[in-house]
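Visitor: Quick one: the structure is below, and I'll ask about it shortly.
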Amino acid sequence: MKVVRTPGEVREQVSAARSRGTAIGLVPTMGYFHEGHLSLMRLARQESGFCVVSLFVNPTQFGPGEDLASYPRDFDRDLELAGREGVDLLFAPEAAAMYQPGASTYVEETSVSRGLCGKSRPGHFRGVATVVTKLFNIVAPDLAIFGRKDLQQLMLIRRMVRDLDLPVRIIAAPIVREPDGLALSSRNVYLSPAEREKAPRFHLSLLEGARDMTGAKGEVAQILKDTARRIEERTGGTIDFVSAVDEDMQEVSRPEDCRYLAGALFLGRARLIDNVRIGAAGELD
Ligand code: AMP
């Protein structure tokens, strides 16, 4: 695996691979790898002949007072894990290599990204859309892999690719969970042992809420309220939101229009996000 720090070096490596007729796959990450990240890398390797992983804790997607400075980092371990997965190129730029002084151009999606996390983290998705566009321009991948764990991010990227005619295929990867149901996240290290023990109840309660939603009559509001209350009682955390949304991440009021139950929970120092998909036939899938 080759490690590079600048967009110019990425272009060099990628164009050499492309000239051999190889399809290029990209996995954007912020590092501190876990099985979720590794599953994306495996998928990229299956779907392409040259796998690029970017590792960049992108400052423009963090708000003031968020965890940019303390975001977990372990470059040597990441290097080892990505190498073992057969990644061809690791792009790990410094912020200065990604953003020119006085950078003043952003990419902003105005619908998919507005609700849910977009409401509680203003500017977050503008930072995401901008950095992902830059990564697409630098790497020019044929395909890029995003996890369903960050559901709104995935849907926003799909919308952006469609709206801006970006020539890249977006592949969605399933959520990887701990055996007890907690979705893997780099931020799980923020949890104390007691919080870690309670954290899976977030997912279990979302599953219960999704079951209540299936075949329910009337409005979703009561189900969301009950789900939020159960999550807070069982985890000791504070709900940011629990929402019933369609494929476009718009809130729905009729249970039959609900495709996902999505939530965010403050638990100790961590802000956890998770979602559960509700199948077209009303079954969980
Ligand atoms: P991050 O480093 O947290 O920005 O995540 C990089 C990519 O890995 C994103 O596409 C995430 O959706 C994906 N990802 C993170 N956690 C998981 C997980 N538990 N299962 C599947 N994908 C994940």
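Naming scheme: A, B, ... for chains in displayed order of the structure tokens; residues 1 onward per chain; ligands 1 onward as shown.
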Under the rule of at most 8 Å, produce a per-residue listing of chain A near ligand 1: chain, number, name, the closest pair of atoms, and the distance in Å, as a tab-separated table, using only C-alpha atoms and all ligand atoms.

Guide:
residue	atom	partner	partner_atom_place_in_ligand_line	distance
A:Val27	CA	ligand 1	7 (C)	7.0
A:Pro28	CA	ligand 1	6 (C)	5.8
A:Thr29	CA	ligand 1	6 (C)	3.8
A:Met30	CA	ligand 1	2 (O)	3.7
A:Gly31	CA	ligand 1	2 (O)	5.1
A:Tyr32	CA	ligand 1	2 (O)	7.0
A:Phe33	CA	ligand 1	2 (O)	7.1
A:His34	CA	ligand 1	16 (N)	7.6
A:Glu35	CA	ligand 1	19 (N)	7.1
A:Gly36	CA	ligand 1	18 (C)	3.8
A:His37	CA	ligand 1	8 (O)	4.7
A:Ser39	CA	ligand 1	21 (C)	7.0
A:Leu40	CA	ligand 1	22 (N)	6.6
A:Leu55	CA	ligand 1	2 (O)	7.7
A:Val57	CA	ligand 1	4 (O)	8.0
A:Ile145	CA	ligand 1	10 (O)	6.4
A:Phe146	CA	ligand 1	10 (O)	3.4
A:Gly147	CA	ligand 1	12 (O)	3.3
A:Arg148	CA	ligand 1	12 (O)	5.5
A:Lys149	CA	ligand 1	12 (O)	4.8
A:Asp150	CA	ligand 1	12 (O)	4.3
A:Leu151	CA	ligand 1	12 (O)	7.1
A:Gln153	CA	ligand 1	12 (O)	7.5
A:Leu154	CA	ligand 1	10 (O)	7.2
A:Ala173	CA	ligand 1	21 (C)	6.0
A:Pro174	CA	ligand 1	21 (C)	5.5
A:Ile175	CA	ligand 1	20 (N)	3.6
A:Val176	CA	ligand 1	20 (N)	3.8
A:Arg177	CA	ligand 1	19 (N)	5.7
A:Ala183	CA	ligand 1	19 (N)	4.7
A:Leu184	CA	ligand 1	19 (N)	3.7
A:Ser185	CA	ligand 1	16 (N)	4.9
A:Ser186	CA	ligand 1	3 (O)	6.1

Visitor: As a list of chain:residue names, please: the residues near Leu204 (chain A) (cut-off 12 Å, only C-alpha atoms, same-chain neighbours under 5 positions excluded).

Guide: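 Selected residues are A:Arg177, A:Asp180, A:Gly181, A:Leu182, A:Ala183, A:Lys198, A:Ala199, A:Gly209, A:Ala210, A:Arg211, A:Thr227, A:Ala228, A:Arg230, A:Ile231, A:Arg234, A:Thr235, A:Leu261, A:Gly263, A:Asp274, A:Asn275, A:Val276.
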
Visitor: Generate a file of the selected residues that holds N, CA, C and O atoms, formatted as a PDB file, in the first residue's frame.

Guide:
ATOM      1  N   ARG A 177     -22.448  -3.954  13.085  1.00  0.00           N
ATOM      2  CA  ARG A 177     -22.787  -3.762  14.490  1.00  0.00           C
ATOM      3  C   ARG A 177     -21.971  -4.675  15.399  1.00  0.00           C
ATOM      4  O   ARG A 177     -21.502  -5.724  14.973  1.00  0.00           O
ATOM      5  N   ASP A 180     -23.933  -7.056  20.355  1.00  0.00           N
ATOM      6  CA  ASP A 180     -25.093  -6.607  21.137  1.00  0.00           C
ATOM      7  C   ASP A 180     -25.940  -5.567  20.403  1.00  0.00           C
ATOM      8  O   ASP A 180     -26.901  -5.039  20.968  1.00  0.00           O
ATOM      9  N   GLY A 181     -25.607  -5.237  19.163  1.00  0.00           N
ATOM     10  CA  GLY A 181     -26.454  -4.360  18.348  1.00  0.00           C
ATOM     11  C   GLY A 181     -25.939  -2.949  18.185  1.00  0.00           C
ATOM     12  O   GLY A 181     -26.391  -2.216  17.306  1.00  0.00           O
ATOM     13  N   LEU A 182     -24.994  -2.523  19.021  1.00  0.00           N
ATOM     14  CA  LEU A 182     -24.475  -1.152  18.895  1.00  0.00           C
ATOM     15  C   LEU A 182     -23.761  -0.993  17.547  1.00  0.00           C
ATOM     16  O   LEU A 182     -22.896  -1.804  17.190  1.00  0.00           O
ATOM     17  N   ALA A 183     -24.128   0.037  16.785  1.00  0.00           N
ATOM     18  CA  ALA A 183     -23.458   0.297  15.506  1.00  0.00           C
ATOM     19  C   ALA A 183     -22.014   0.715  15.773  1.00  0.00           C
ATOM     20  O   ALA A 183     -21.763   1.562  16.643  1.00  0.00           O
ATOM     21  N   LYS A 198     -25.054   0.379  28.239  1.00  0.00           N
ATOM     22  CA  LYS A 198     -26.442   0.797  27.964  1.00  0.00           C
ATOM     23  C   LYS A 198     -26.657   1.166  26.497  1.00  0.00           C
ATOM     24  O   LYS A 198     -27.805   1.174  26.024  1.00  0.00           O
ATOM     25  N   ALA A 199     -25.586   1.496  25.792  1.00  0.00           N
ATOM     26  CA  ALA A 199     -25.704   2.044  24.424  1.00  0.00           C
ATOM     27  C   ALA A 199     -26.514   1.171  23.453  1.00  0.00           C
ATOM     28  O   ALA A 199     -27.268   1.719  22.634  1.00  0.00           O
ATOM     29  N   GLY A 209     -39.487   0.543  17.907  1.00  0.00           N
ATOM     30  CA  GLY A 209     -40.258   1.629  17.287  1.00  0.00           C
ATOM     31  C   GLY A 209     -40.624   1.275  15.854  1.00  0.00           C
ATOM     32  O   GLY A 209     -41.745   1.526  15.402  1.00  0.00           O
ATOM     33  N   ALA A 210     -39.674   0.675  15.141  1.00  0.00           N
ATOM     34  CA  ALA A 210     -39.927   0.297  13.748  1.00  0.00           C
ATOM     35  C   ALA A 210     -41.005  -0.781  13.688  1.00  0.00           C
ATOM     36  O   ALA A 210     -41.842  -0.781  12.778  1.00  0.00           O
ATOM     37  N   ARG A 211     -40.985  -1.678  14.657  1.00  0.00           N
ATOM     38  CA  ARG A 211     -42.020  -2.723  14.704  1.00  0.00           C
ATOM     39  C   ARG A 211     -43.393  -2.088  14.967  1.00  0.00           C
ATOM     40  O   ARG A 211     -44.392  -2.447  14.351  1.00  0.00           O
ATOM     41  N   THR A 227     -40.893   6.062  21.440  1.00  0.00           N
ATOM     42  CA  THR A 227     -39.550   5.528  21.159  1.00  0.00           C
ATOM     43  C   THR A 227     -38.494   6.410  21.826  1.00  0.00           C
ATOM     44  O   THR A 227     -37.565   5.908  22.475  1.00  0.00           O
ATOM     45  N   ALA A 228     -38.632   7.719  21.679  1.00  0.00           N
ATOM     46  CA  ALA A 228     -37.668   8.655  22.274  1.00  0.00           C
ATOM     47  C   ALA A 228     -37.635   8.499  23.797  1.00  0.00           C
ATOM     48  O   ALA A 228     -36.561   8.460  24.404  1.00  0.00           O
ATOM     49  N   ARG A 230     -38.494   5.861  25.591  1.00  0.00           N
ATOM     50  CA  ARG A 230     -37.879   4.575  25.949  1.00  0.00           C
ATOM     51  C   ARG A 230     -36.354   4.650  25.837  1.00  0.00           C
ATOM     52  O   ARG A 230     -35.633   4.143  26.689  1.00  0.00           O
ATOM     53  N   ILE A 231     -35.870   5.293  24.788  1.00  0.00           N
ATOM     54  CA  ILE A 231     -34.406   5.377  24.595  1.00  0.00           C
ATOM     55  C   ILE A 231     -33.776   6.140  25.762  1.00  0.00           C
ATOM     56  O   ILE A 231     -32.776   5.711  26.341  1.00  0.00           O
ATOM     57  N   ARG A 234     -33.940   4.065  29.017  1.00  0.00           N
ATOM     58  CA  ARG A 234     -33.111   2.851  29.043  1.00  0.00           C
ATOM     59  C   ARG A 234     -31.614   3.132  28.960  1.00  0.00           C
ATOM     60  O   ARG A 234     -30.810   2.310  29.394  1.00  0.00           O
ATOM     61  N   THR A 235     -31.250   4.279  28.353  1.00  0.00           N
ATOM     62  CA  THR A 235     -29.810   4.545  28.172  1.00  0.00           C
ATOM     63  C   THR A 235     -29.284   5.595  29.154  1.00  0.00           C
ATOM     64  O   THR A 235     -28.077   5.703  29.350  1.00  0.00           O
ATOM     65  N   LEU A 261     -36.502   4.633  10.397  1.00  0.00           N
ATOM     66  CA  LEU A 261     -36.587   5.289  11.691  1.00  0.00           C
ATOM     67  C   LEU A 261     -35.143   5.648  12.046  1.00  0.00           C
ATOM     68  O   LEU A 261     -34.283   4.759  12.123  1.00  0.00           O
ATOM     69  N   GLY A 263     -32.295   8.083  14.378  1.00  0.00           N
ATOM     70  CA  GLY A 263     -32.181   8.815  15.634  1.00  0.00           C
ATOM     71  C   GLY A 263     -30.765   9.258  15.934  1.00  0.00           C
ATOM     72  O   GLY A 263     -29.794   8.753  15.349  1.00  0.00           O
ATOM     73  N   ASP A 274     -28.029   6.354  14.657  1.00  0.00           N
ATOM     74  CA  ASP A 274     -28.374   5.008  14.207  1.00  0.00           C
ATOM     75  C   ASP A 274     -29.661   5.097  13.394  1.00  0.00           C
ATOM     76  O   ASP A 274     -30.364   6.113  13.446  1.00  0.00           O
ATOM     77  N   ASN A 275     -29.939   4.065  12.637  1.00  0.00           N
ATOM     78  CA  ASN A 275     -31.194   4.036  11.896  1.00  0.00           C
ATOM     79  C   ASN A 275     -31.585   2.603  11.611  1.00  0.00           C
ATOM     80  O   ASN A 275     -30.747   1.706  11.583  1.00  0.00           O
ATOM     81  N   VAL A 276     -32.883   2.427  11.419  1.00  0.00           N
ATOM     82  CA  VAL A 276     -33.444   1.127  11.115  1.00  0.00           C
ATOM     83  C   VAL A 276     -34.313   1.290   9.884  1.00  0.00           C
ATOM     84  O   VAL A 276     -35.070   2.257   9.776  1.00  0.00           O
TER      85      VAL A 276
END

Visitor: Please identify the alpha helix (DSSP H) residues within region 200-246 of chain A (assignment by DSSP from backbone atoms) and present them as a VMD selection string.

Guide: chain A and resid 200 to 213 221 to 235

Visitor: Find the residues near Val112 (chain A): any atom within 9 Å, counting only C-alpha atoms, skip ones fewer than 5 places away on the same chain, and give them as a ChimeraX atom specification.

Guide: /A:118,152-153,155-156,159,248-250

Visitor: Output all heavy atoms for every residue in that selection, as a PDB file, in the first residue's frame.

Guide:
ATOM      1  N   GLY A 118     -28.888  17.583  10.019  1.00  0.00           N
ATOM      2  CA  GLY A 118     -28.693  18.911   9.420  1.00  0.00           C
ATOM      3  C   GLY A 118     -29.240  20.011  10.310  1.00  0.00           C
ATOM      4  O   GLY A 118     -28.734  21.139  10.304  1.00  0.00           O
ATOM      5  N   GLN A 152     -28.157   9.731   6.302  1.00  0.00           N
ATOM      6  CA  GLN A 152     -28.460  11.018   5.667  1.00  0.00           C
ATOM      7  C   GLN A 152     -27.296  11.467   4.780  1.00  0.00           C
ATOM      8  O   GLN A 152     -27.496  12.022   3.704  1.00  0.00           O
ATOM      9  CB  GLN A 152     -28.749  12.060   6.756  1.00  0.00           C
ATOM     10  CG  GLN A 152     -29.350  13.343   6.219  1.00  0.00           C
ATOM     11  CD  GLN A 152     -29.677  14.323   7.313  1.00  0.00           C
ATOM     12  OE1 GLN A 152     -29.265  14.154   8.472  1.00  0.00           O
ATOM     13  NE2 GLN A 152     -30.423  15.362   6.980  1.00  0.00           N
ATOM     14  N   GLN A 153     -26.082  11.166   5.229  1.00  0.00           N
ATOM     15  CA  GLN A 153     -24.898  11.489   4.422  1.00  0.00           C
ATOM     16  C   GLN A 153     -24.937  10.718   3.099  1.00  0.00           C
ATOM     17  O   GLN A 153     -24.707  11.291   2.025  1.00  0.00           O
ATOM     18  CB  GLN A 153     -23.641  11.128   5.217  1.00  0.00           C
ATOM     19  CG  GLN A 153     -22.361  11.145   4.418  1.00  0.00           C
ATOM     20  CD  GLN A 153     -21.155  10.873   5.294  1.00  0.00           C
ATOM     21  OE1 GLN A 153     -20.669  11.779   5.965  1.00  0.00           O
ATOM     22  NE2 GLN A 153     -20.663   9.655   5.316  1.00  0.00           N
ATOM     23  N   MET A 155     -27.551   9.515   1.507  1.00  0.00           N
ATOM     24  CA  MET A 155     -28.619  10.005   0.632  1.00  0.00           C
ATOM     25  C   MET A 155     -28.278  11.379   0.048  1.00  0.00           C
ATOM     26  O   MET A 155     -28.603  11.674  -1.094  1.00  0.00           O
ATOM     27  CB  MET A 155     -29.946  10.059   1.387  1.00  0.00           C
ATOM     28  CG  MET A 155     -30.426   8.693   1.849  1.00  0.00           C
ATOM     29  SD  MET A 155     -30.399   7.450   0.520  1.00  0.00           S
ATOM     30  CE  MET A 155     -31.190   6.056   1.331  1.00  0.00           C
ATOM     31  N   LEU A 156     -27.612  12.188   0.858  1.00  0.00           N
ATOM     32  CA  LEU A 156     -27.176  13.505   0.376  1.00  0.00           C
ATOM     33  C   LEU A 156     -26.162  13.341  -0.770  1.00  0.00           C
ATOM     34  O   LEU A 156     -26.237  14.030  -1.787  1.00  0.00           O
ATOM     35  CB  LEU A 156     -26.552  14.275   1.544  1.00  0.00           C
ATOM     36  CG  LEU A 156     -25.382  15.211   1.267  1.00  0.00           C
ATOM     37  CD1 LEU A 156     -25.815  16.454   0.549  1.00  0.00           C
ATOM     38  CD2 LEU A 156     -24.701  15.590   2.562  1.00  0.00           C
ATOM     39  N   ARG A 159     -27.904  12.300  -3.916  1.00  0.00           N
ATOM     40  CA  ARG A 159     -28.615  13.428  -4.510  1.00  0.00           C
ATOM     41  C   ARG A 159     -27.628  14.370  -5.207  1.00  0.00           C
ATOM     42  O   ARG A 159     -27.860  14.835  -6.320  1.00  0.00           O
ATOM     43  CB  ARG A 159     -29.390  14.178  -3.414  1.00  0.00           C
ATOM     44  CG  ARG A 159     -30.102  15.450  -3.873  1.00  0.00           C
ATOM     45  CD  ARG A 159     -31.192  15.148  -4.891  1.00  0.00           C
ATOM     46  NE  ARG A 159     -32.245  14.329  -4.363  1.00  0.00           N
ATOM     47  CZ  ARG A 159     -33.347  14.785  -3.750  1.00  0.00           C
ATOM     48  NH1 ARG A 159     -33.530  16.072  -3.609  1.00  0.00           N
ATOM     49  NH2 ARG A 159     -34.267  13.946  -3.304  1.00  0.00           N
ATOM     50  N   ASP A 248     -35.954  10.166   0.805  1.00  0.00           N
ATOM     51  CA  ASP A 248     -35.325  11.481   0.603  1.00  0.00           C
ATOM     52  C   ASP A 248     -35.062  12.198   1.919  1.00  0.00           C
ATOM     53  O   ASP A 248     -34.808  13.401   1.944  1.00  0.00           O
ATOM     54  CB  ASP A 248     -36.216  12.346  -0.288  1.00  0.00           C
ATOM     55  CG  ASP A 248     -36.341  11.756  -1.690  1.00  0.00           C
ATOM     56  OD1 ASP A 248     -35.344  11.180  -2.173  1.00  0.00           O
ATOM     57  OD2 ASP A 248     -37.442  11.848  -2.275  1.00  0.00           O
ATOM     58  N   MET A 249     -35.175  11.457   3.012  1.00  0.00           N
ATOM     59  CA  MET A 249     -34.903  11.990   4.352  1.00  0.00           C
ATOM     60  C   MET A 249     -35.879  13.094   4.747  1.00  0.00           C
ATOM     61  O   MET A 249     -35.547  13.972   5.550  1.00  0.00           O
ATOM     62  CB  MET A 249     -33.447  12.507   4.470  1.00  0.00           C
ATOM     63  CG  MET A 249     -32.387  11.481   4.150  1.00  0.00           C
ATOM     64  SD  MET A 249     -32.263  10.165   5.380  1.00  0.00           S
ATOM     65  CE  MET A 249     -33.158   8.847   4.572  1.00  0.00           C
ATOM     66  N   GLN A 250     -37.101  13.013   4.174  1.00  0.00           N
ATOM     67  CA  GLN A 250     -38.146  13.958   4.567  1.00  0.00           C
ATOM     68  C   GLN A 250     -39.021  13.287   5.628  1.00  0.00           C
ATOM     69  O   GLN A 250     -39.359  12.103   5.489  1.00  0.00           O
ATOM     70  CB  GLN A 250     -39.014  14.351   3.361  1.00  0.00           C
ATOM     71  CG  GLN A 250     -38.222  14.899   2.178  1.00  0.00           C
ATOM     72  CD  GLN A 250     -37.413  16.134   2.522  1.00  0.00           C
ATOM     73  OE1 GLN A 250     -37.916  17.081   3.117  1.00  0.00           O
ATOM     74  NE2 GLN A 250     -36.125  16.118   2.168  1.00  0.00           N
TER      75      GLN A 250
END

Visitor: With a distance cut-off of 7 Å and only C-alpha atoms, select the neighbouring residues of Asp142 (chain A), excluding the residue or stretch itself and same-chain residues fewer than 3 positions from it, and output the selection as a PyMOL selection string.

Guide: chain A and resi 23-25+168-169

Visitor: Could those residues be written to a file, using all heavy atoms, as a PDB file, in the first residue's frame?

Guide:
ATOM      1  N   ALA A  23     -10.541  -0.210 -12.886  1.00  0.00           N
ATOM      2  CA  ALA A  23     -11.586   0.629 -12.281  1.00  0.00           C
ATOM      3  C   ALA A  23     -11.105   1.104 -10.911  1.00  0.00           C
ATOM      4  O   ALA A  23     -10.478   0.362 -10.154  1.00  0.00           O
ATOM      5  CB  ALA A  23     -12.880  -0.160 -12.134  1.00  0.00           C
ATOM      6  N   ILE A  24     -11.418   2.363 -10.603  1.00  0.00           N
ATOM      7  CA  ILE A  24     -10.944   2.973  -9.359  1.00  0.00           C
ATOM      8  C   ILE A  24     -12.086   3.051  -8.355  1.00  0.00           C
ATOM      9  O   ILE A  24     -13.168   3.566  -8.665  1.00  0.00           O
ATOM     10  CB  ILE A  24     -10.432   4.423  -9.621  1.00  0.00           C
ATOM     11  CG1 ILE A  24      -9.498   4.497 -10.848  1.00  0.00           C
ATOM     12  CG2 ILE A  24      -9.782   5.001  -8.364  1.00  0.00           C
ATOM     13  CD1 ILE A  24      -8.209   3.749 -10.728  1.00  0.00           C
ATOM     14  N   GLY A  25     -11.838   2.561  -7.141  1.00  0.00           N
ATOM     15  CA  GLY A  25     -12.836   2.646  -6.070  1.00  0.00           C
ATOM     16  C   GLY A  25     -12.336   3.546  -4.954  1.00  0.00           C
ATOM     17  O   GLY A  25     -11.142   3.530  -4.639  1.00  0.00           O
ATOM     18  N   VAL A 168     -19.752   9.192 -11.003  1.00  0.00           N
ATOM     19  CA  VAL A 168     -19.292   8.205 -10.031  1.00  0.00           C
ATOM     20  C   VAL A 168     -20.505   7.405  -9.565  1.00  0.00           C
ATOM     21  O   VAL A 168     -21.597   7.946  -9.378  1.00  0.00           O
ATOM     22  CB  VAL A 168     -18.549   8.890  -8.844  1.00  0.00           C
ATOM     23  CG1 VAL A 168     -19.383   9.982  -8.208  1.00  0.00           C
ATOM     24  CG2 VAL A 168     -18.136   7.878  -7.784  1.00  0.00           C
ATOM     25  N   ARG A 169     -20.284   6.086  -9.404  1.00  0.00           N
ATOM     26  CA  ARG A 169     -21.368   5.212  -8.926  1.00  0.00           C
ATOM     27  C   ARG A 169     -21.256   5.119  -7.408  1.00  0.00           C
ATOM     28  O   ARG A 169     -20.178   4.816  -6.885  1.00  0.00           O
ATOM     29  CB  ARG A 169     -21.195   3.823  -9.574  1.00  0.00           C
ATOM     30  CG  ARG A 169     -22.245   2.805  -9.147  1.00  0.00           C
ATOM     31  CD  ARG A 169     -22.341   1.671 -10.163  1.00  0.00           C
ATOM     32  NE  ARG A 169     -21.132   0.833 -10.204  1.00  0.00           N
ATOM     33  CZ  ARG A 169     -20.983  -0.300  -9.503  1.00  0.00           C
ATOM     34  NH1 ARG A 169     -21.949  -0.747  -8.720  1.00  0.00           N
ATOM     35  NH2 ARG A 169     -19.862  -1.004  -9.600  1.00  0.00           N
TER      36      ARG A 169
END

Visitor: In terms of the shortest atom-to-atom distance over only C-alpha atoms, which of A:Arg229, A:Pro141, A:Ala194, A:Ala216 is closest to Arg18 (chain A)?

Guide: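 Closest residue, counting only C-alpha atoms: A:Pro141.
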
Visitor: Mind pulling up the distance from CA of Val161 (chain A) to CA of Arg20 (chain A)?

Guide: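 That distance, rounded to one decimal, is 26.0 Å.
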
Visitor: Using CA of Ser113 (chain A) and CA of Gly127 (chain A) as the two end points, give the distance in Å to one decimal.

Guide: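 Straight-line distance from CA of Ser113 (chain A) to CA of Gly127 (chain A) works out to 11.3 Å.
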
Visitor: Using only C-alpha atoms, which residues sit within 7 Å of Cys258 (chain A) once same-chain residues fewer than 4 positions away are excluded, as JSON, numbers by chain?

Guide: {"A": [244, 245, 246, 252, 254]}

Visitor: Within region 126-232 of chain A, find each residue whose DSSP state, derived from the backbone, is strand (DSSP E), and express the selection as a PyMOL selection string.

Guide: chain A and resi 143-147+169-173

Visitor: With N, CA, C and O atoms kept, could you save the residues just selected as a compact mmCIF listing (two decimals), in the first residue's frame?

Guide:
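Now in selection-v3.txt:
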# COMPACT_ATOMS: atom_id res chain seq x y z
N LEU A 143 -16.26 4.43 -8.73
CA LEU A 143 -17.29 4.16 -7.71
C LEU A 143 -16.77 4.60 -6.35
O LEU A 143 -15.56 4.69 -6.12
N ALA A 144 -17.71 4.90 -5.48
CA ALA A 144 -17.36 5.27 -4.11
C ALA A 144 -18.32 4.57 -3.16
O ALA A 144 -19.51 4.41 -3.47
N ILE A 145 -17.80 4.16 -1.99
CA ILE A 145 -18.60 3.39 -1.04
C ILE A 145 -18.90 4.24 0.19
O ILE A 145 -17.98 4.86 0.76
N PHE A 146 -20.16 4.24 0.60
CA PHE A 146 -20.58 4.94 1.82
C PHE A 146 -21.42 3.99 2.66
O PHE A 146 -22.18 3.19 2.14
N GLY A 147 -21.28 4.11 3.99
CA GLY A 147 -22.01 3.22 4.89
C GLY A 147 -23.42 3.72 5.19
O GLY A 147 -23.65 4.93 5.28
N ARG A 169 -20.28 6.09 -9.40
CA ARG A 169 -21.37 5.21 -8.93
C ARG A 169 -21.26 5.12 -7.41
O ARG A 169 -20.18 4.82 -6.89
N ILE A 170 -22.37 5.38 -6.73
CA ILE A 170 -22.36 5.33 -5.27
C ILE A 170 -22.91 3.99 -4.80
O ILE A 170 -24.00 3.58 -5.19
N ILE A 171 -22.12 3.31 -3.98
CA ILE A 171 -22.54 2.01 -3.45
C ILE A 171 -22.78 2.15 -1.94
O ILE A 171 -21.93 2.71 -1.22
N ALA A 172 -23.93 1.65 -1.48
CA ALA A 172 -24.28 1.72 -0.06
C ALA A 172 -23.87 0.42 0.63
O ALA A 172 -24.16 -0.67 0.12
N ALA A 173 -23.20 0.54 1.77
CA ALA A 173 -22.76 -0.65 2.51
C ALA A 173 -23.60 -0.79 3.78
O ALA A 173 -23.94 0.21 4.43

Visitor: For Leu89 (chain A), which residue out of A:Val10, A:Ala44, A:Leu267, A:Val52 is the nearest one, using only C-alpha atoms?

Guide: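 Among A:Val10, A:Ala44, A:Leu267, A:Val52, it is A:Val52 that comes nearest to Leu89 (chain A).
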
Visitor: Please provide the set of residues having any atom within 7 Å of Val139 (chain A), restricted to only C-alpha atoms, with same-chain residues fewer than 2 positions apart removed, written as number ranges by chain.

Guide: A: 10-11, 14, 135-137, 141

Visitor: Determine the nearest neighbour of Leu207 (chain A) from the options A:Glu247, A:Tyr190, A:Gln46, A:Ala262, counting only C-alpha atoms.

Guide: A:Ala262

Visitor: Give me, please, the distance in Å between CA of Ser120 (chain A) and CA of Glu66 (chain A), quoted to one decimal.

Guide: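 Those two atoms sit 11.5 Å apart.
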
Visitor: Measuring atom to atom with only C-alpha atoms, identify which of A:His203, A:Glu233, A:Gly63, A:Thr22 is nearest to Glu47 (chain A).

Guide: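 Residue with the minimum atom-to-atom distance to Glu47 (chain A): A:Thr22.
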